[in-house]
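K.L.:
Structure: target_8.cif, mmCIF, C-alpha atoms.
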```
data_coords
loop_
_atom_site.label_atom_id
_atom_site.label_comp_id
_atom_site.auth_asym_id
_atom_site.auth_seq_id
_atom_site.Cartn_x
_atom_site.Cartn_y
_atom_site.Cartn_z
CA MET A 1 0.00 0.00 0.00
CA ARG A 2 1.37 3.42 -0.91
CA ILE A 3 0.84 5.10 2.47
CA LEU A 4 2.69 8.23 1.34
CA ASN A 5 0.21 8.75 -1.52
CA ILE A 6 -2.67 8.60 0.96
CA ILE A 7 -0.98 11.09 3.29
CA ILE A 8 -0.30 13.49 0.39
CA THR A 9 -3.93 13.22 -0.74
CA ILE A 10 -5.31 13.96 2.73
CA VAL A 11 -2.98 16.93 3.30
CA LEU A 12 -3.86 18.40 -0.10
CA ILE A 13 -7.60 18.12 0.64
CA LEU A 14 -7.21 19.79 4.03
CA PHE A 15 -5.08 22.61 2.60
CA TYR A 16 -7.54 23.29 -0.24
CA SER A 17 -10.77 23.00 1.74
CA LYS A 18 -9.45 25.19 4.58
CA GLU A 19 -12.18 23.79 6.79
CA ILE A 20 -12.83 20.89 9.10
CA SER A 21 -16.38 19.80 8.33
CA ILE A 22 -18.48 16.74 7.57
CA LYS A 23 -18.01 17.44 3.85
CA THR A 24 -14.22 17.51 4.27
CA PHE A 25 -14.32 14.29 6.30
CA LEU A 26 -16.47 12.53 3.68
CA PHE A 27 -14.22 13.77 0.86
CA VAL A 28 -11.11 12.49 2.66
CA ILE A 29 -12.70 9.07 3.25
CA SER A 30 -14.02 8.76 -0.31
CA SER A 31 -10.68 9.83 -1.85
CA THR A 32 -8.70 7.52 0.41
CA LEU A 33 -10.90 4.53 -0.45
CA LEU A 34 -10.60 5.27 -4.18
CA LEU A 35 -6.83 5.45 -3.83
CA ILE A 36 -6.79 2.18 -1.88
CA PHE A 37 -8.88 0.55 -4.63
CA ALA A 38 -6.49 1.82 -7.32
CA ASN A 39 -3.44 0.51 -5.45
CA LEU A 40 -4.97 -2.88 -4.66
CA GLN A 41 -6.12 -3.40 -8.23
CA ASN A 42 -2.72 -2.34 -9.55
CA ASP A 43 -0.98 -4.84 -7.25
CA TYR A 44 -3.39 -7.56 -8.40
CA PHE A 45 -2.67 -7.08 -12.10
CA ASP A 46 1.07 -6.56 -11.53
CA ARG A 47 1.55 -9.85 -9.66
CA GLU A 48 3.84 -11.42 -12.27
CA ILE A 49 5.97 -8.29 -12.70
CA ASP A 50 6.34 -7.90 -8.92
CA ILE A 51 7.50 -11.53 -8.65
CA LYS A 52 10.07 -10.79 -11.37
CA LYS A 53 11.25 -7.82 -9.29
CA GLY A 54 11.52 -10.04 -6.23
CA LYS A 55 8.54 -8.40 -4.52
CA ARG A 56 5.72 -10.47 -3.10
CA LYS A 57 2.68 -8.35 -2.27
CA ILE A 58 -0.52 -9.51 -0.64
CA THR A 59 -3.31 -9.22 -3.22
CA LEU A 60 -7.00 -8.87 -2.47
CA ASN A 61 -9.75 -10.66 -4.38
CA PRO A 62 -11.28 -8.35 -7.04
CA SER A 63 -14.74 -8.64 -5.44
CA TYR A 64 -13.40 -7.03 -2.26
CA GLN A 65 -11.62 -4.38 -4.34
CA PHE A 66 -14.86 -3.40 -6.04
CA PHE A 67 -16.66 -3.33 -2.69
CA ILE A 68 -14.15 -0.68 -1.57
CA LEU A 69 -14.79 1.20 -4.82
CA PHE A 70 -18.56 1.02 -4.27
CA ILE A 71 -18.23 2.56 -0.80
CA SER A 72 -16.00 5.31 -2.20
CA LEU A 73 -18.50 6.18 -4.94
CA PHE A 74 -21.46 6.03 -2.53
CA ILE A 75 -19.76 8.48 -0.15
CA SER A 76 -18.85 10.80 -3.04
CA LEU A 77 -22.54 10.85 -4.03
CA LEU A 78 -23.39 12.10 -0.54
CA ILE A 79 -21.06 15.07 -1.04
CA GLU A 80 -22.16 16.37 -4.45
CA ILE A 81 -23.38 14.86 -7.72
CA LYS A 82 -20.49 16.48 -9.63
CA VAL A 83 -18.00 14.98 -7.18
CA PHE A 84 -19.62 11.58 -7.71
CA LEU A 85 -19.34 11.95 -11.51
CA THR A 86 -15.64 12.88 -11.33
CA PHE A 87 -14.98 9.93 -9.01
CA LEU A 88 -16.90 7.66 -11.38
CA ILE A 89 -14.80 8.87 -14.32
CA MET A 90 -11.62 8.31 -12.31
CA SER A 91 -12.70 4.79 -11.36
CA VAL A 92 -13.37 3.93 -15.03
CA LEU A 93 -9.94 5.27 -16.02
CA ILE A 94 -8.27 3.40 -13.14
CA ASN A 95 -9.89 0.14 -14.25
CA TYR A 96 -8.92 0.77 -17.87
CA TYR A 97 -5.34 1.54 -16.87
CA ASN A 98 -4.85 -1.47 -14.61
CA ILE A 99 -6.55 -3.94 -16.94
CA LYS A 100 -5.18 -2.75 -20.28
CA ALA A 101 -3.50 0.67 -20.60
CA SER A 102 -0.65 -0.06 -18.15
CA ARG A 103 0.69 -2.42 -20.80
CA LYS A 104 0.52 0.18 -23.56
CA PRO A 105 2.88 3.08 -24.43
CA PHE A 106 0.19 5.68 -23.63
CA GLY A 107 -0.55 4.30 -20.15
CA PHE A 108 1.25 7.17 -18.43
CA LEU A 109 -1.29 9.60 -19.91
CA ILE A 110 -4.13 7.76 -18.15
CA THR A 111 -2.58 7.94 -14.69
CA SER A 112 -1.71 11.63 -15.13
CA SER A 113 -5.29 12.33 -16.23
CA VAL A 114 -6.67 10.54 -13.15
CA ILE A 115 -4.52 12.70 -10.87
CA SER A 116 -5.67 15.90 -12.61
CA ILE A 117 -9.34 14.90 -12.47
CA GLY A 118 -8.88 14.17 -8.77
CA VAL A 119 -7.57 17.70 -8.24
CA LEU A 120 -10.48 19.06 -10.30
CA SER A 121 -12.93 17.31 -7.97
CA LEU A 122 -11.70 19.61 -5.17
CA GLY A 123 -13.29 22.48 -7.04
CA PHE A 124 -16.66 20.73 -7.24
CA ALA A 125 -16.55 19.97 -3.52
CA PHE A 126 -15.11 23.17 -2.06
CA GLY A 127 -15.42 25.78 -4.80
CA PHE A 128 -13.19 26.95 -7.61
CA ASN A 129 -10.47 29.58 -7.40
CA GLU A 130 -7.71 30.87 -9.65
CA LYS A 131 -5.09 28.55 -8.19
CA LEU A 132 -7.01 25.38 -8.99
CA ILE A 133 -6.14 25.56 -12.70
CA TYR A 134 -2.44 25.71 -11.78
CA LEU A 135 -2.90 22.77 -9.41
CA ILE A 136 -4.49 20.73 -12.21
CA ILE A 137 -1.78 21.59 -14.75
CA PHE A 138 1.15 20.96 -12.41
CA SER A 139 -0.26 17.72 -11.03
CA PHE A 140 -0.64 16.49 -14.62
CA PHE A 141 2.85 17.38 -15.83
CA PHE A 142 4.70 16.35 -12.66
CA ASN A 143 2.96 12.99 -12.68
CA LEU A 144 3.59 12.69 -16.43
CA ALA A 145 7.32 13.15 -15.89
CA ARG A 146 7.36 10.73 -12.95
CA GLU A 147 5.47 7.99 -14.84
CA ILE A 148 7.93 8.22 -17.73
CA VAL A 149 10.85 8.06 -15.28
CA LYS A 150 9.27 4.96 -13.67
CA SER A 151 8.89 3.32 -17.10
CA TYR A 152 12.62 3.94 -17.68
CA ILE A 153 13.52 2.45 -14.28
CA ASP A 154 11.33 -0.63 -14.87
CA TYR A 155 12.54 -1.12 -18.46
CA ASP A 156 14.15 -4.53 -17.88
CA PHE A 157 11.29 -5.83 -15.70
CA ASP A 158 8.58 -4.74 -18.15
CA ILE A 159 10.07 -6.53 -21.15
CA GLY A 160 7.79 -9.45 -22.00
CA PHE A 161 4.92 -8.08 -19.91
CA ARG A 162 4.34 -4.54 -21.14
CA ARG A 163 5.16 -2.25 -24.02
CA THR A 164 5.69 0.96 -22.05
CA ILE A 165 6.78 4.31 -23.40
CA ALA A 166 10.40 3.50 -22.50
CA ILE A 167 10.32 0.18 -24.37
CA SER A 168 8.63 1.82 -27.37
CA LEU A 169 11.13 4.69 -27.58
CA SER A 170 14.33 3.00 -26.28
CA LYS A 171 16.24 4.03 -23.15
CA ASN A 172 18.24 6.81 -24.80
CA LYS A 173 15.19 8.50 -26.33
CA THR A 174 13.30 8.15 -23.04
CA ILE A 175 16.09 10.05 -21.26
CA ILE A 176 15.81 12.80 -23.87
CA LEU A 177 12.04 12.92 -23.29
CA ILE A 178 12.50 13.09 -19.50
CA LYS A 179 14.99 15.94 -19.75
CA SER A 180 12.77 17.80 -22.22
CA LEU A 181 9.82 17.53 -19.79
CA LEU A 182 11.94 18.82 -16.93
CA ILE A 183 12.99 21.83 -19.00
CA LEU A 184 9.32 22.43 -19.80
CA LEU A 185 8.48 22.20 -16.09
CA ILE A 186 11.20 24.74 -15.25
CA LEU A 187 9.77 27.20 -17.79
CA MET A 188 6.23 26.63 -16.51
CA LEU A 189 7.30 27.20 -12.91
CA ILE A 190 9.05 30.45 -13.82
CA VAL A 191 6.05 31.76 -15.79
CA VAL A 192 3.57 30.93 -13.00
CA SER A 193 5.88 32.51 -10.40
CA ILE A 194 5.89 35.73 -12.41
CA ILE A 195 2.08 35.65 -12.80
CA LEU A 196 1.23 34.82 -9.18
CA LYS A 197 3.97 36.89 -7.49
CA ASN A 198 3.69 34.46 -4.57
CA PHE A 199 6.73 34.41 -2.26
CA HIS A 200 6.32 30.76 -1.20
CA PHE A 201 5.88 29.56 -4.78
CA SER A 202 8.85 31.64 -5.95
CA ILE A 203 11.09 29.96 -3.35
CA TYR A 204 9.69 26.61 -4.45
CA THR A 205 10.46 27.45 -8.10
CA ILE A 206 14.09 28.29 -7.30
CA PHE A 207 14.45 25.09 -5.26
CA SER A 208 12.83 22.88 -7.94
CA THR A 209 14.79 24.47 -10.77
CA ALA A 210 18.07 23.83 -8.96
CA ILE A 211 17.19 20.15 -8.43
CA PHE A 212 16.13 19.72 -12.07
CA ILE A 213 19.38 21.30 -13.26
CA PHE A 214 21.33 18.86 -11.06
CA TYR A 215 19.59 15.99 -12.86
CA LEU A 216 20.11 17.57 -16.29
CA LEU A 217 23.82 17.63 -15.41
CA ASN A 218 23.60 13.89 -14.58
CA LEU A 219 24.38 14.42 -10.88
CA PHE A 220 21.89 11.79 -9.68
CA SER A 221 20.01 8.77 -11.03
CA GLU A 222 16.51 8.25 -12.39
CA LYS A 223 15.55 6.32 -9.24
CA THR A 224 16.41 9.36 -7.14
CA LEU A 225 14.56 11.62 -9.59
CA SER A 226 11.40 9.50 -9.29
CA LYS A 227 11.34 9.97 -5.51
CA ILE A 228 12.16 13.67 -5.80
CA LEU A 229 9.38 14.29 -8.34
CA LYS A 230 6.73 12.91 -5.95
CA PHE A 231 8.07 15.12 -3.15
CA LEU A 232 8.27 18.19 -5.40
CA MET A 233 4.75 17.66 -6.73
CA PHE A 234 3.39 17.58 -3.19
CA LEU A 235 5.52 20.56 -2.11
CA GLY A 236 4.42 22.55 -5.19
CA LEU A 237 0.73 21.93 -4.57
CA VAL A 238 1.11 23.12 -0.96
CA ALA A 239 3.16 26.17 -2.04
CA LEU A 240 0.45 27.13 -4.53
CA LEU A 241 -2.19 27.06 -1.79
CA PHE A 242 -0.31 29.42 0.55
#
```
What's the structure tokens form of this structure?

P.N.:
Amino acid sequence: MRILNIIITIVLILFYSKEISIKTFLFVISSTLLLIFANLQNDYFDREIDIKKGKRKITLNPSYQFFILFISLFISLLIEIKVFLTFLIMSVLINYYNIKASRKPFGFLITSSVISIGVLSLGFAFGFNEKLIYLIIFSFFFNLAREIVKSYIDYDFDIGFRRTIAISLSKNKTIILIKSLLILLILMLIVVSIILKNFHFSIYTIFSTAIFIFYLLNLFSEKTLSKILKFLMFLGLVALLF
């Protein structure tokens, strides 16, 4: 179970909602259950790859997985019909990714879309503001970069099981794609910093840019970059909300 993902999700909800209420509590529970469903289903369909990696995870019967999903969707319906519809769309995409798209070159686009739709659902639950559009964009591109990095890291394990973006492009071209995305992220961060004139986000931009440049200069590995991208995505979302 990816406990860190659940913690990040809960913190983001609390920062955006800026309230402790029944609605916030229900949204946290519904989001957490949807995330648990996604992780359990992913572990179930990745059993053979995990064995190849030397990892043995406890998998739950699909019927129990869908029971968790049902509870998540039911709770989301209690919050707001639009929240329910976004959660329903996410659940369909999660199923499609785990069952089929994870083995295709475009799979990383599905997971990034799910993350962005999840951020969008915050607006339906707690109201829209100017910063939400930036949250949606950055969550998409940060996750996009991280998924491509993960496909590069898992290149050898995925051969024979999946045809990921890294396998389709080759390792060298995947590195070029990763570095191109990081340069794009740097430019996006700078532009948004200028637009928002937010002190916290400006400090975050300087910090993130420095780390990305270190990677572009080959000062650390893709495995380290994958971990850093998750941390930076979370830190960026929090910085935007200050």

K.L.:
Residues near A:Asn198, anyone? I mean within 10 Å using only C-alpha atoms, not counting same-chain ones fewer than 6 positions away, as a ChimeraX atom specification.

P.N.:
/A:192,204,239-242

K.L.:
Using only C-alpha atoms, which residue out of A:Asn218, A:Thr209, A:Ser102, A:Ser226 lies closest to A:Leu184?

P.N.:
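The shortest atom-to-atom distance to A:Leu184 comes from A:Thr209.
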
K.L.:
Excluding same-chain residues fewer than 4 positions from stretch 64-74 of chain A, what lies within 6 Å of it counting only C-alpha atoms, as a ChimeraX atom specification?

P.N.:
/A:30,33-34,37

K.L.:
Take the residues just selected and output them with C-alpha atoms as a PDB file, in the frame of the given file.

P.N.:
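Generated file (result-v2.pdb):
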```pdb
ATOM      1  CA  SER A  30     -14.020   8.760  -0.310  1.00  0.00           C
ATOM      2  CA  LEU A  33     -10.900   4.530  -0.450  1.00  0.00           C
ATOM      3  CA  LEU A  34     -10.600   5.270  -4.180  1.00  0.00           C
ATOM      4  CA  PHE A  37      -8.880   0.550  -4.630  1.00  0.00           C
TER       5      PHE A  37
END
```

K.L.:
Could you tell me which of A:Phe126, A:Phe108, A:Lys173, A:Ser168 comes closest to A:Phe15 if we count only C-alpha atoms?

P.N.:
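Checking each candidate against A:Phe15, we get A:Phe126 as the closest.
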
K.L.:
Identify which of the residues A:Asn42, A:Phe27, A:Ile115, A:Leu35 lies closest to A:Glu80, counting all atoms listed in the file when measuring atom-to-atom distances.

P.N.:
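Between A:Asn42, A:Phe27, A:Ile115, A:Leu35, the residue approaching A:Glu80 most closely is A:Phe27.
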
K.L.:
For this structure, which residues satisfy the selection - the PyMOL selection byres ((chain A and resi 167) around 9) - when it is evaluated on the file as given? I want them as number ranges by chain.

P.N.:
A: 105, 151-152, 155-156, 158-159, 162-166, 168-171, 174

K.L.:
What lies within 8 Å of A:Leu132 using only C-alpha atoms, ignoring chain neighbours under 4 positions off, as a list in words?

P.N.:
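Close residues of A:Leu132: Val119, Leu120, Gly123, Phe128 and Ile136 of chain A.
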
K.L.:
Name the residues in contact with A:Ile99 at a cut-off of 10 Å, using only C-alpha atoms, excluding same-chain residues fewer than 4 positions from it; report them as JSON, numbers by chain.

P.N.:
{"A": [41, 42, 44, 45, 46, 93, 94, 95, 103]}

K.L.:
Quick one: which residues end up in the PyMOL selection byres ((chain A and resi 183) around 12) for this structure, as a list in words?

P.N.:
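Residues picked by the PyMOL selection byres ((chain A and resi 183) around 12): Phe141, Phe142, Ala145, Ile176, Leu177, Ile178, Lys179, Ser180, Leu181, Leu182, Leu184, Leu185, Ile186, Leu187, Met188, Leu189, Ile190, Ser208, Thr209, Ala210, Ile211, Phe212, Ile213, Phe214, Tyr215 and Leu216 of chain A.
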
K.L.:
Using atom CA of A:Tyr96 and atom CA of A:Leu122 as the two end points, give the distance in Å to one decimal.

P.N.:
22.9 Å

K.L.:
Counting only C-alpha atoms, what is within 10 Å of A:Thr111, bar same-chain residues fewer than 4 positions away, as an MDAnalysis selection string?

P.N.:
chainID A and resid 90 93:94 97:98 101:102 106:107 115:117 140 143:144 147

K.L.:
For the structure provided, state which residues fall under the PyMOL selection byres ((chain A and resi 83) around 9), and present them as JSON, numbers by chain.

P.N.:
{"A": [27, 76, 77, 79, 80, 81, 82, 84, 85, 86, 87, 88, 121, 122, 123, 124, 125]}

K.L.:
Figure out the distance between atom CA of A:Asn61 and atom CA of A:Leu40, please, to one decimal in Å.

P.N.:
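It comes out at 9.1 Å.
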
K.L.:
Report, in Å with one decimal, the straight-line distance from atom CA of A:Phe231 to atom CA of A:Thr32.

P.N.:
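Atom CA of A:Phe231 sits 18.8 Å away from atom CA of A:Thr32.
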
K.L.:
Which residue, A:Val28, A:Ile133, A:Ile89, A:Leu14, has the smallest gap to A:Val238 when you use all atoms listed in the file?

P.N.:
A:Leu14

K.L.:
Starting from the incomplete input, reconstruct N, CA and C atoms of stretch 27-39 of chain A and write that as a PDB file, keeping the file's coordinate frame.

P.N.:
```
ATOM      1  N   PHE A  27     -15.088  13.691   2.044  1.00  0.00           N
ATOM      2  CA  PHE A  27     -14.220  13.770   0.860  1.00  0.00           C
ATOM      3  C   PHE A  27     -12.909  13.035   1.108  1.00  0.00           C
ATOM      4  N   VAL A  28     -12.353  13.188   2.308  1.00  0.00           N
ATOM      5  CA  VAL A  28     -11.110  12.490   2.660  1.00  0.00           C
ATOM      6  C   VAL A  28     -11.331  10.974   2.628  1.00  0.00           C
ATOM      7  N   ILE A  29     -12.420  10.498   3.221  1.00  0.00           N
ATOM      8  CA  ILE A  29     -12.700   9.070   3.250  1.00  0.00           C
ATOM      9  C   ILE A  29     -12.918   8.512   1.851  1.00  0.00           C
ATOM     10  N   SER A  30     -13.731   9.214   1.051  1.00  0.00           N
ATOM     11  CA  SER A  30     -14.020   8.760  -0.310  1.00  0.00           C
ATOM     12  C   SER A  30     -12.754   8.717  -1.166  1.00  0.00           C
ATOM     13  N   SER A  31     -11.931   9.767  -1.069  1.00  0.00           N
ATOM     14  CA  SER A  31     -10.680   9.830  -1.850  1.00  0.00           C
ATOM     15  C   SER A  31      -9.709   8.746  -1.420  1.00  0.00           C
ATOM     16  N   THR A  32      -9.612   8.535  -0.111  1.00  0.00           N
ATOM     17  CA  THR A  32      -8.700   7.520   0.410  1.00  0.00           C
ATOM     18  C   THR A  32      -9.108   6.121  -0.051  1.00  0.00           C
ATOM     19  N   LEU A  33     -10.402   5.838  -0.011  1.00  0.00           N
ATOM     20  CA  LEU A  33     -10.900   4.530  -0.450  1.00  0.00           C
ATOM     21  C   LEU A  33     -10.663   4.324  -1.952  1.00  0.00           C
ATOM     22  N   LEU A  34     -10.847   5.383  -2.738  1.00  0.00           N
ATOM     23  CA  LEU A  34     -10.600   5.270  -4.180  1.00  0.00           C
ATOM     24  C   LEU A  34      -9.123   4.998  -4.448  1.00  0.00           C
ATOM     25  N   LEU A  35      -8.264   5.658  -3.687  1.00  0.00           N
ATOM     26  CA  LEU A  35      -6.830   5.450  -3.830  1.00  0.00           C
ATOM     27  C   LEU A  35      -6.435   4.032  -3.414  1.00  0.00           C
ATOM     28  N   ILE A  36      -7.048   3.548  -2.332  1.00  0.00           N
ATOM     29  CA  ILE A  36      -6.790   2.180  -1.880  1.00  0.00           C
ATOM     30  C   ILE A  36      -7.230   1.184  -2.952  1.00  0.00           C
ATOM     31  N   PHE A  37      -8.402   1.414  -3.539  1.00  0.00           N
ATOM     32  CA  PHE A  37      -8.880   0.550  -4.630  1.00  0.00           C
ATOM     33  C   PHE A  37      -7.884   0.527  -5.782  1.00  0.00           C
ATOM     34  N   ALA A  38      -7.431   1.713  -6.194  1.00  0.00           N
ATOM     35  CA  ALA A  38      -6.490   1.820  -7.320  1.00  0.00           C
ATOM     36  C   ALA A  38      -5.208   1.045  -7.039  1.00  0.00           C
ATOM     37  N   ASN A  39      -4.684   1.191  -5.820  1.00  0.00           N
ATOM     38  CA  ASN A  39      -3.440   0.510  -5.450  1.00  0.00           C
ATOM     39  C   ASN A  39      -3.609  -1.002  -5.374  1.00  0.00           C
TER      40      ASN A  39
END
```
